[in-house]
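To be precise, the following lines are query17.cif, and they hold mmCIF, C-alpha atoms and all ligand atoms.
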data_run
#
loop_
_atom_site.group_PDB
_atom_site.id
_atom_site.type_symbol
_atom_site.label_atom_id
_atom_site.label_comp_id
_atom_site.auth_asym_id
_atom_site.auth_seq_id
_atom_site.Cartn_x
_atom_site.Cartn_y
_atom_site.Cartn_z
ATOM 1 C CA MET A 1 0.000 0.000 0.000
ATOM 2 C CA THR A 2 1.453 3.329 -1.050
ATOM 3 C CA LEU A 3 1.511 6.329 1.224
ATOM 4 C CA LEU A 4 0.655 9.685 -0.295
ATOM 5 C CA ARG A 5 2.793 12.644 0.676
ATOM 6 C CA ASP A 6 2.945 16.401 0.196
ATOM 7 C CA ARG A 7 1.466 17.553 -3.153
ATOM 8 C CA ASP A 8 0.078 14.117 -4.002
ATOM 9 C CA LEU A 9 -1.678 14.030 -0.642
ATOM 10 C CA ALA A 10 -3.032 17.585 -1.022
ATOM 11 C CA ARG A 11 -4.378 16.693 -4.480
ATOM 12 C CA ALA A 12 -6.004 13.562 -3.112
ATOM 13 C CA PHE A 13 -7.677 15.615 -0.370
ATOM 14 C CA ASP A 14 -8.746 18.214 -2.969
ATOM 15 C CA HIS A 15 -10.695 15.502 -4.757
ATOM 16 C CA ALA A 16 -11.959 13.779 -1.621
ATOM 17 C CA SER A 17 -13.246 17.098 -0.260
ATOM 18 C CA GLN A 18 -16.407 16.556 -2.317
ATOM 19 C CA THR A 19 -17.461 13.575 -0.226
ATOM 20 C CA TYR A 20 -15.440 14.086 2.952
ATOM 21 C CA ASP A 21 -18.216 15.492 5.132
ATOM 22 C CA ARG A 22 -20.701 12.848 3.994
ATOM 23 C CA LEU A 23 -18.268 10.003 4.670
ATOM 24 C CA THR A 24 -17.168 11.270 8.063
ATOM 25 C CA ALA A 25 -20.835 11.759 9.013
ATOM 26 C CA LEU A 26 -21.179 7.980 8.620
ATOM 27 C CA ASN A 27 -18.409 7.416 11.147
ATOM 28 C CA PRO A 28 -20.123 7.161 14.546
ATOM 29 C CA GLY A 29 -18.486 9.541 16.956
ATOM 30 C CA TYR A 30 -16.312 11.407 14.426
ATOM 31 C CA ARG A 31 -17.564 14.825 15.455
ATOM 32 C CA SER A 32 -18.320 14.091 19.105
ATOM 33 C CA GLU A 33 -14.820 12.702 19.654
ATOM 34 C CA LEU A 34 -13.244 15.732 17.985
ATOM 35 C CA LEU A 35 -15.224 17.845 20.421
ATOM 36 C CA ARG A 36 -14.080 15.719 23.331
ATOM 37 C CA SER A 37 -10.442 16.226 22.280
ATOM 38 C CA ALA A 38 -10.905 19.977 21.789
ATOM 39 C CA ARG A 39 -12.483 20.222 25.239
ATOM 40 C CA ARG A 40 -9.536 18.372 26.698
ATOM 41 C CA LEU A 41 -7.484 21.514 25.988
ATOM 42 C CA ARG A 42 -9.481 22.983 28.890
ATOM 43 C CA LEU A 43 -9.288 26.509 27.581
ATOM 44 C CA PRO A 44 -10.539 28.817 30.323
ATOM 45 C CA ASP A 45 -13.374 31.314 30.082
ATOM 46 C CA GLY A 46 -14.568 30.029 26.718
ATOM 47 C CA GLY A 47 -11.175 30.912 25.279
ATOM 48 C CA ALA A 48 -11.671 34.670 25.826
ATOM 49 C CA GLY A 49 -8.514 36.531 24.793
ATOM 50 C CA LEU A 50 -6.805 33.370 23.545
ATOM 51 C CA ARG A 51 -5.360 32.657 20.126
ATOM 52 C CA VAL A 52 -5.857 29.080 19.014
ATOM 53 C CA LEU A 53 -4.540 27.317 15.929
ATOM 54 C CA ASP A 54 -6.209 24.418 14.110
ATOM 55 C CA LEU A 55 -3.471 22.763 12.038
ATOM 56 C CA GLY A 56 -4.787 20.598 9.201
ATOM 57 C CA CYS A 57 -8.331 21.918 9.573
ATOM 58 C CA GLY A 58 -9.692 20.170 6.469
ATOM 59 C CA THR A 59 -13.356 20.967 5.822
ATOM 60 C CA GLY A 60 -13.619 22.558 9.265
ATOM 61 C CA ALA A 61 -14.872 19.682 11.452
ATOM 62 C CA SER A 62 -12.002 20.172 13.898
ATOM 63 C CA THR A 63 -12.397 23.958 13.669
ATOM 64 C CA ARG A 64 -16.059 23.601 14.593
ATOM 65 C CA ALA A 65 -15.073 21.427 17.567
ATOM 66 C CA LEU A 66 -12.580 24.086 18.708
ATOM 67 C CA LEU A 67 -15.178 26.800 18.307
ATOM 68 C CA ARG A 68 -17.639 24.849 20.441
ATOM 69 C CA ALA A 69 -14.976 24.161 23.071
ATOM 70 C CA ALA A 70 -13.761 27.774 23.097
ATOM 71 C CA PRO A 71 -16.428 30.018 21.541
ATOM 72 C CA ARG A 72 -14.630 33.216 22.569
ATOM 73 C CA ALA A 73 -11.180 32.309 21.211
ATOM 74 C CA ARG A 74 -9.658 33.723 18.050
ATOM 75 C CA ILE A 75 -9.116 30.726 15.822
ATOM 76 C CA THR A 76 -6.740 30.408 12.876
ATOM 77 C CA ALA A 77 -7.337 27.309 10.765
ATOM 78 C CA VAL A 78 -4.695 26.150 8.286
ATOM 79 C CA ASP A 79 -4.714 23.439 5.646
ATOM 80 C CA ALA A 80 -2.595 22.351 2.684
ATOM 81 C CA SER A 81 -5.558 21.350 0.493
ATOM 82 C CA SER A 82 -7.415 24.102 -1.366
ATOM 83 C CA GLY A 83 -10.352 21.746 -1.950
ATOM 84 C CA MET A 84 -10.780 20.955 1.728
ATOM 85 C CA LEU A 85 -10.520 24.645 2.609
ATOM 86 C CA ARG A 86 -13.090 25.583 -0.022
ATOM 87 C CA ARG A 87 -15.567 23.247 1.698
ATOM 88 C CA ALA A 88 -14.723 24.782 5.060
ATOM 89 C CA LEU A 89 -15.292 28.282 3.715
ATOM 90 C CA GLU A 90 -18.739 27.357 2.382
ATOM 91 C CA LYS A 91 -19.883 27.016 5.994
ATOM 92 C CA PRO A 92 -20.951 29.887 8.234
ATOM 93 C CA TRP A 93 -18.259 31.057 10.679
ATOM 94 C CA PRO A 94 -18.139 33.898 13.161
ATOM 95 C CA ALA A 95 -15.692 36.720 12.517
ATOM 96 C CA GLN A 96 -13.066 35.419 14.939
ATOM 97 C CA VAL A 97 -12.401 32.355 12.767
ATOM 98 C CA ARG A 98 -10.106 32.697 9.763
ATOM 99 C CA PHE A 99 -8.702 30.169 7.332
ATOM 100 C CA GLN A 100 -5.356 30.018 5.527
ATOM 101 C CA HIS A 101 -4.264 27.837 2.638
ATOM 102 C CA MET A 102 -0.772 26.725 3.593
ATOM 103 C CA THR A 103 1.119 23.698 4.793
ATOM 104 C CA ALA A 104 1.797 23.464 8.503
ATOM 105 C CA GLU A 105 5.489 23.749 7.715
ATOM 106 C CA GLU A 106 5.011 26.948 5.649
ATOM 107 C CA PHE A 107 2.743 28.435 8.288
ATOM 108 C CA ALA A 108 5.337 27.856 11.023
ATOM 109 C CA ALA A 109 7.990 29.584 8.934
ATOM 110 C CA GLY A 110 5.848 32.768 8.809
ATOM 111 C CA GLU A 111 5.351 35.518 11.302
ATOM 112 C CA GLU A 112 2.294 34.091 13.022
ATOM 113 C CA GLY A 113 2.018 33.405 16.706
ATOM 114 C CA PRO A 114 2.422 33.000 19.509
ATOM 115 C CA PHE A 115 -0.644 30.850 19.987
ATOM 116 C CA ASP A 116 -2.042 29.840 23.357
ATOM 117 C CA ALA A 117 -3.077 26.440 22.072
ATOM 118 C CA VAL A 118 -2.729 24.252 18.999
ATOM 119 C CA PHE A 119 -5.168 21.551 17.943
ATOM 120 C CA ALA A 120 -4.127 19.040 15.285
ATOM 121 C CA ALA A 121 -6.706 16.433 14.314
ATOM 122 C CA TYR A 122 -5.634 13.670 11.932
ATOM 123 C CA LEU A 123 -2.607 15.676 10.794
ATOM 124 C CA PHE A 124 0.591 14.100 12.101
ATOM 125 C CA ARG A 125 0.112 10.707 10.466
ATOM 126 C CA ASN A 126 -0.064 12.537 7.150
ATOM 127 C CA VAL A 127 3.055 14.672 7.313
ATOM 128 C CA THR A 128 6.383 13.614 5.809
ATOM 129 C CA ASP A 129 8.434 14.579 8.851
ATOM 130 C CA PRO A 130 6.381 14.638 12.088
ATOM 131 C CA ASP A 131 9.400 15.708 14.178
ATOM 132 C CA ARG A 132 9.857 18.771 11.990
ATOM 133 C CA VAL A 133 6.197 19.699 12.372
ATOM 134 C CA LEU A 134 6.346 19.178 16.140
ATOM 135 C CA THR A 135 9.331 21.515 16.311
ATOM 136 C CA ALA A 136 7.354 23.992 14.227
ATOM 137 C CA VAL A 137 4.413 23.708 16.608
ATOM 138 C CA ARG A 138 6.691 24.544 19.521
ATOM 139 C CA THR A 139 7.823 27.712 17.759
ATOM 140 C CA LEU A 140 4.174 28.674 17.227
ATOM 141 C CA LEU A 141 3.104 28.047 20.828
ATOM 142 C CA ARG A 142 3.784 30.478 23.614
ATOM 143 C CA PRO A 143 5.850 29.038 26.474
ATOM 144 C CA GLY A 144 3.498 26.835 28.463
ATOM 145 C CA GLY A 145 0.936 26.825 25.645
ATOM 146 C CA ARG A 146 -1.113 23.702 25.087
ATOM 147 C CA LEU A 147 -1.176 21.116 22.367
ATOM 148 C CA ALA A 148 -3.939 18.596 21.701
ATOM 149 C CA VAL A 149 -3.340 16.023 18.994
ATOM 150 C CA HIS A 150 -6.301 13.872 17.983
ATOM 151 C CA GLU A 151 -4.959 11.025 15.908
ATOM 152 C CA TYR A 152 -5.330 7.479 14.674
ATOM 153 C CA SER A 153 -2.580 5.828 16.702
ATOM 154 C CA LEU A 154 -3.002 2.182 17.567
ATOM 155 C CA SER A 155 -2.655 1.096 21.168
ATOM 156 C CA GLY A 156 -0.143 -1.611 20.259
ATOM 157 C CA ALA A 157 -2.544 -4.412 21.226
ATOM 158 C CA PRO A 158 -3.097 -6.933 18.384
ATOM 159 C CA VAL A 159 -6.873 -6.701 18.814
ATOM 160 C CA HIS A 160 -6.927 -3.012 17.870
ATOM 161 C CA ARG A 161 -4.735 -3.591 14.809
ATOM 162 C CA ALA A 162 -7.013 -6.429 13.734
ATOM 163 C CA LEU A 163 -10.114 -4.268 14.245
ATOM 164 C CA TRP A 164 -8.571 -1.454 12.187
ATOM 165 C CA ASN A 165 -7.783 -3.878 9.341
ATOM 166 C CA ALA A 166 -11.298 -5.293 9.466
ATOM 167 C CA VAL A 167 -12.977 -1.846 9.425
ATOM 168 C CA CYS A 168 -10.777 -0.746 6.514
ATOM 169 C CA ARG A 169 -11.514 -3.870 4.452
ATOM 170 C CA ALA A 170 -15.243 -3.930 5.179
ATOM 171 C CA VAL A 171 -16.182 -0.237 5.313
ATOM 172 C CA ILE A 172 -13.531 2.409 4.698
ATOM 173 C CA ILE A 173 -11.976 1.177 1.455
ATOM 174 C CA PRO A 174 -15.316 0.221 -0.186
ATOM 175 C CA ALA A 175 -16.869 3.577 0.820
ATOM 176 C CA GLY A 176 -13.816 5.543 -0.311
ATOM 177 C CA THR A 177 -13.702 3.652 -3.594
ATOM 178 C CA LEU A 178 -17.345 4.498 -4.300
ATOM 179 C CA GLY A 179 -16.489 8.183 -3.995
ATOM 180 C CA GLY A 180 -13.533 7.814 -6.403
ATOM 181 C CA ASP A 181 -10.930 8.218 -3.664
ATOM 182 C CA ARG A 182 -9.565 4.697 -3.317
ATOM 183 C CA ALA A 183 -5.906 5.857 -3.199
ATOM 184 C CA LEU A 184 -6.592 8.276 -0.339
ATOM 185 C CA TYR A 185 -8.458 5.726 1.747
ATOM 186 C CA ARG A 186 -5.781 3.104 1.126
ATOM 187 C CA HIS A 187 -3.348 5.777 2.299
ATOM 188 C CA LEU A 188 -5.491 6.181 5.426
ATOM 189 C CA TRP A 189 -5.349 2.441 6.076
ATOM 190 C CA ALA A 190 -1.590 2.175 5.511
ATOM 191 C CA SER A 191 -0.691 5.392 7.288
ATOM 192 C CA VAL A 192 -2.372 4.220 10.483
ATOM 193 C CA LEU A 193 -0.570 0.858 10.361
ATOM 194 C CA GLY A 194 2.743 2.598 9.695
ATOM 195 C CA PHE A 195 2.354 5.423 12.219
ATOM 196 C CA ASP A 196 3.545 5.483 15.815
ATOM 197 C CA THR A 197 1.595 3.492 18.357
ATOM 198 C CA ALA A 198 0.048 5.755 20.987
ATOM 199 C CA PRO A 199 2.908 5.243 23.507
ATOM 200 C CA ALA A 200 5.466 5.841 20.727
ATOM 201 C CA PHE A 201 3.820 9.119 19.704
ATOM 202 C CA ALA A 202 3.739 10.218 23.352
ATOM 203 C CA ASP A 203 7.505 9.542 23.461
ATOM 204 C CA ARG A 204 7.943 11.480 20.224
ATOM 205 C CA LEU A 205 6.235 14.462 21.852
ATOM 206 C CA ARG A 206 8.563 14.233 24.849
ATOM 207 C CA ARG A 207 11.628 14.014 22.605
ATOM 208 C CA ALA A 208 10.411 17.133 20.787
ATOM 209 C CA GLY A 209 10.505 18.994 24.115
ATOM 210 C CA PHE A 210 6.854 18.880 25.100
ATOM 211 C CA THR A 211 6.132 18.343 28.764
ATOM 212 C CA GLY A 212 3.245 17.004 30.800
ATOM 213 C CA VAL A 213 2.476 14.594 27.971
ATOM 214 C CA ARG A 214 -0.706 12.597 28.565
ATOM 215 C CA LEU A 215 -2.765 10.388 26.359
ATOM 216 C CA ALA A 216 -6.447 9.712 26.629
ATOM 217 C CA PRO A 217 -8.696 7.261 24.809
ATOM 218 C CA VAL A 218 -11.739 8.130 22.771
ATOM 219 C CA ALA A 219 -15.061 6.317 23.046
ATOM 220 C CA GLY A 220 -16.845 3.850 20.780
ATOM 221 C CA TRP A 221 -15.332 1.587 18.134
ATOM 222 C CA GLN A 222 -12.268 3.831 17.911
ATOM 223 C CA THR A 223 -11.147 3.018 21.470
ATOM 224 C CA GLY A 224 -7.577 1.765 21.152
ATOM 225 C CA ILE A 225 -7.409 3.153 17.597
ATOM 226 C CA VAL A 226 -7.749 6.930 18.084
ATOM 227 C CA HIS A 227 -6.223 8.833 21.013
ATOM 228 C CA THR A 228 -6.017 12.385 22.262
ATOM 229 C CA PHE A 229 -2.492 13.492 23.177
ATOM 230 C CA LEU A 230 -2.162 16.466 25.485
ATOM 231 C CA ALA A 231 1.033 18.345 26.164
ATOM 232 C CA ARG A 232 2.510 21.693 26.997
ATOM 233 C CA ASN A 233 5.232 23.668 25.345
ATOM 234 C CA GLY A 234 8.150 23.368 27.694
ATOM 235 C CA PHE A 235 6.650 23.386 31.159
ATOM 236 C CA ALA A 236 6.646 20.424 33.488
ATOM 237 C CA ALA A 237 3.348 18.705 34.238
ATOM 238 C CA GLY A 238 1.423 20.581 36.876
ATOM 239 C CA ALA A 239 3.837 23.504 36.717
ATOM 240 C CA GLY A 240 0.895 25.890 36.557
ATOM 241 C CA THR A 241 1.270 29.320 35.086
ATOM 242 C CA ALA A 242 3.691 29.974 32.284
ATOM 243 C CA PRO A 243 5.874 33.065 32.578
ATOM 244 C CA PRO A 244 3.998 36.049 31.230
ATOM 245 C CA THR A 245 4.498 36.852 27.568
ATOM 246 C CA THR A 246 2.742 39.562 25.644
ATOM 247 C CA ALA A 247 0.005 37.064 24.911
ATOM 248 C CA THR A 248 -0.353 35.550 28.358
ATOM 249 C CA ALA A 249 -0.291 38.894 30.110
ATOM 250 C CA THR A 250 -3.642 39.631 28.569
ATOM 251 C CA THR A 251 -5.020 36.115 28.364
ATOM 252 C CA GLY A 252 -4.357 34.647 31.775
ATOM 253 C CA GLU A 253 -3.479 31.139 32.790
ATOM 254 C CA MET A 254 -4.702 27.953 31.207
ATOM 255 C CA ARG A 255 -5.328 25.460 33.941
HETATM 256 C C1 LIG B 301 -7.996 13.640 7.644
HETATM 257 S S1 LIG B 301 -8.075 15.355 7.295
HETATM 258 C C2 LIG B 301 -8.620 16.001 8.862
HETATM 259 C C3 LIG B 301 -9.267 17.336 8.746
HETATM 260 C C4 LIG B 301 -9.822 17.917 10.056
HETATM 261 N N1 LIG B 301 -8.769 18.208 11.005
HETATM 262 C C5 LIG B 301 -10.862 17.015 10.684
HETATM 263 O O1 LIG B 301 -10.673 16.664 11.839
HETATM 264 O O2 LIG B 301 -11.850 16.675 10.035
HETATM 265 C C6 LIG B 301 -6.361 15.791 7.301
HETATM 266 C C7 LIG B 301 -6.099 17.180 6.752
HETATM 267 O O3 LIG B 301 -4.728 17.494 6.961
HETATM 268 C C8 LIG B 301 -4.296 18.245 5.850
HETATM 269 N N2 LIG B 301 -2.828 18.143 5.775
HETATM 270 C C9 LIG B 301 -2.082 17.058 5.518
HETATM 271 N N3 LIG B 301 -0.768 17.369 5.541
HETATM 272 C C10 LIG B 301 -0.710 18.691 5.837
HETATM 273 C C11 LIG B 301 0.345 19.603 6.034
HETATM 274 N N4 LIG B 301 1.614 19.222 5.928
HETATM 275 N N5 LIG B 301 0.034 20.871 6.345
HETATM 276 C C12 LIG B 301 -1.264 21.270 6.469
HETATM 277 N N6 LIG B 301 -2.302 20.458 6.286
HETATM 278 C C13 LIG B 301 -2.027 19.177 5.982
HETATM 279 C C14 LIG B 301 -5.003 17.637 4.659
HETATM 280 O O4 LIG B 301 -5.058 18.512 3.567
HETATM 281 C C15 LIG B 301 -6.367 17.313 5.260
HETATM 282 O O5 LIG B 301 -7.294 18.352 5.040
#

Kindly present the structure from the file in structure tokens form.
Amino acid sequence: MTLLRDRDLARAFDHASQTYDRLTALNPGYRSELLRSARRLRLPDGGAGLRVLDLGCGTGASTRALLRAAPRARITAVDASSGMLRRALEKPWPAQVRFQHMTAEEFAAGEEGPFDAVFAAYLFRNVTDPDRVLTAVRTLLRPGGRLAVHEYSLSGAPVHRALWNAVCRAVIIPAGTLGGDRALYRHLWASVLGFDTAPAFADRLRRAGFTGVRLAPVAGWQTGIVHTFLARNGFAAGAGTAPPTTATATTGEMR
């Protein structure tokens, strides 16, 4: 099974954007589990005064989850696929949400930030160099800022790998093929098998310099297959308030 990367992946998502929302709506818990992960950021006061980044926002499902978790935050949503972004932009958004067509790597090289929190849902498994993107995320986050990664990352138990293979063979590949996106959904299958297990991704976060790394399961059939990873940019677990920066001075502590 071939993995798609960079431009090939963006093109595949451009095409799949036509059916993406319909297919994910068939996945029980897709949206509710995104919301659960976004809420796990525990942004205080509805996110008032906070800047939050949604990396790999796609058609906006993760952006919507962030908005529900932190309705008062300013949200920047970034994606490499113009097709996915077009679908996102067709939806109604309040003024504090804005979208940018860019790769995560390009975005990090710009002048944006610092952000108080970053949410990345189903992104890291897709990038060519996850360590590079994690380093980029650290440059975008203020010291002590929070990261939540929502990702297909198998537990390491054979039963979860077997379940993933069964769901791909029986549901995901046939459904993706019907929509004309067989290559992308075979990429999904293979990328999950080839990606870090959940404990390995938690270690990757620690190696990248994140602290207070925790992982939490999601509910439903995806238990043991999808996890939320929570971490902070450079402050030990339970360390409390980050030193004030321009951003934090006005935004307050995230507990
Ligand atoms: C599976 S979709 C998830 C979209 C959304 N976060 C959600 O939860 O529905 C993954 C998205 O990541 C984007 N993506 C993949 N690699 C990227 C990169 N290097 N930079 C930015 N976006 C990327 C794709 O274009 C795609 O829209």

Which residues come within 8 Å of Ala202 of chain A, counting only C-alpha atoms, excluding same-chain residues fewer than 3 positions away, as a PyMOL selection string? chain A and resi 198-199+205-206+213-215+229

How far is it from atom C7 of ligand LIG 301 (chain B) to atom CA of Ala120 of chain A, in Å with one decimal? 9.0 Å

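Between atom CA of Leu89 of chain A and atom CA of Cys57 of chain A there is a distance of 11.1 Å.
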
Grab the atom CA of Gly46 of chain A to atom CA of Leu66 of chain A distance for me, in Å with one decimal place.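 Between atom CA of Gly46 of chain A and atom CA of Leu66 of chain A the gap is 10.2 Å.
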
Could you give me, as JSON lines, every chain A residue with an atom at most 7 Å from ligand LIG 301 (chain B), plus its closest atom pair and distance in Å to one decimal, counting only C-alpha atoms and all ligand atoms, rows ordered by chain then number?
{"residue": "A:Asp6", "atom": "CA", "partner": "B:LIG301", "partner_atom": "N4", "distance": 6.5}
{"residue": "A:Leu9", "atom": "CA", "partner": "B:LIG301", "partner_atom": "C9", "distance": 6.9}
{"residue": "A:Ala10", "atom": "CA", "partner": "B:LIG301", "partner_atom": "O4", "distance": 5.1}
{"residue": "A:Phe13", "atom": "CA", "partner": "B:LIG301", "partner_atom": "O4", "distance": 5.5}
{"residue": "A:Leu34", "atom": "CA", "partner": "B:LIG301", "partner_atom": "O1", "distance": 6.7}
{"residue": "A:Leu55", "atom": "CA", "partner": "B:LIG301", "partner_atom": "C12", "distance": 6.2}
{"residue": "A:Gly56", "atom": "CA", "partner": "B:LIG301", "partner_atom": "O3", "distance": 3.8}
{"residue": "A:Cys57", "atom": "CA", "partner": "B:LIG301", "partner_atom": "N1", "distance": 4.0}
{"residue": "A:Gly58", "atom": "CA", "partner": "B:LIG301", "partner_atom": "O5", "distance": 3.3}
{"residue": "A:Thr59", "atom": "CA", "partner": "B:LIG301", "partner_atom": "O2", "distance": 6.2}
{"residue": "A:Gly60", "atom": "CA", "partner": "B:LIG301", "partner_atom": "C4", "distance": 6.0}
{"residue": "A:Ala61", "atom": "CA", "partner": "B:LIG301", "partner_atom": "O2", "distance": 4.5}
{"residue": "A:Ser62", "atom": "CA", "partner": "B:LIG301", "partner_atom": "O1", "distance": 4.3}
{"residue": "A:Val78", "atom": "CA", "partner": "B:LIG301", "partner_atom": "C12", "distance": 6.2}
{"residue": "A:Asp79", "atom": "CA", "partner": "B:LIG301", "partner_atom": "N6", "distance": 3.9}
{"residue": "A:Ala80", "atom": "CA", "partner": "B:LIG301", "partner_atom": "N6", "distance": 4.1}
{"residue": "A:Ser81", "atom": "CA", "partner": "B:LIG301", "partner_atom": "O4", "distance": 4.2}
{"residue": "A:Met84", "atom": "CA", "partner": "B:LIG301", "partner_atom": "O5", "distance": 5.5}
{"residue": "A:Met102", "atom": "CA", "partner": "B:LIG301", "partner_atom": "C12", "distance": 6.2}
{"residue": "A:Thr103", "atom": "CA", "partner": "B:LIG301", "partner_atom": "N5", "distance": 3.4}
{"residue": "A:Ala104", "atom": "CA", "partner": "B:LIG301", "partner_atom": "N5", "distance": 3.8}
{"residue": "A:Glu105", "atom": "CA", "partner": "B:LIG301", "partner_atom": "N4", "distance": 6.2}
{"residue": "A:Ala120", "atom": "CA", "partner": "B:LIG301", "partner_atom": "N1", "distance": 6.4}
{"residue": "A:Ala121", "atom": "CA", "partner": "B:LIG301", "partner_atom": "N1", "distance": 4.3}
{"residue": "A:Tyr122", "atom": "CA", "partner": "B:LIG301", "partner_atom": "C2", "distance": 4.9}
{"residue": "A:Leu123", "atom": "CA", "partner": "B:LIG301", "partner_atom": "O3", "distance": 4.7}
{"residue": "A:Asn126", "atom": "CA", "partner": "B:LIG301", "partner_atom": "N3", "distance": 5.1}
{"residue": "A:Val127", "atom": "CA", "partner": "B:LIG301", "partner_atom": "N4", "distance": 5.0}

So which residues touch Ala219 of chain A within 8 Å, counting only C-alpha atoms, skipping near sequence neighbours fewer than 2 positions away, as a list in words?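 Using only C-alpha atoms, the neighbours found are Gly29, Glu33, Pro217, Trp221, Gln222 and Thr223 of chain A.
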
Expand the PyMOL selection byres (((chain A and resi 150-152) around 6) and not hetatm) into the individual residues it matches in the shown file, reporting them as a ChimeraX atom specification. /A:121-122,149,153,225-228

Which residue gives the smallest distance to Arg207 of chain A among A:Pro130, A:Gly110, A:Gly144, A:Gly47, with all atoms listed in the file counted? A:Pro130

Measuring atom to atom with all atoms listed in the file, identify which of A:Ala162, A:Ile75, A:Ala136, A:Ala175 is nearest to Leu50 of chain A.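 Distance minimum relative to Leu50 of chain A lands on A:Ile75.
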
Select, from A:Ser82, A:Thr197, A:Thr128, A:Thr135, the residue with the minimum atom-to-atom distance to Arg11 of chain A, counting only C-alpha atoms. A:Ser82

Looking at A:Ala88, A:Ala65, A:Leu154, A:Ala109, which one is nearest to Arg31 of chain A, with distances taken over only C-alpha atoms?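 Result for the nearest residue to Arg31 of chain A: A:Ala65.
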
Residue by residue, what does the PyMOL selection byres (((chain A and resi 176) around 12) and not hetatm) grab here? Present the result as a PyMOL selection string. chain A and resi 12-13+15-20+22-24+26+168-175+177-189

Please, which residues are within 7 Å of (-10.6, 18.1, 21.9) by the file's coordinates, counting all atoms listed in the file, and could they come as a short mmCIF file (atom, residue, chain, number, x, y, z; two decimals) with C-alpha atoms, in the frame of the given file?
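So selection-v4.cif came out as:
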data_model
loop_
_atom_site.label_atom_id
_atom_site.label_comp_id
_atom_site.auth_asym_id
_atom_site.auth_seq_id
_atom_site.Cartn_x
_atom_site.Cartn_y
_atom_site.Cartn_z
CA LEU A 34 -13.24 15.73 17.98
CA LEU A 35 -15.22 17.84 20.42
CA ARG A 36 -14.08 15.72 23.33
CA SER A 37 -10.44 16.23 22.28
CA ALA A 38 -10.90 19.98 21.79
CA ARG A 39 -12.48 20.22 25.24
CA ARG A 40 -9.54 18.37 26.70
CA LEU A 41 -7.48 21.51 25.99
CA ALA A 148 -3.94 18.60 21.70
#
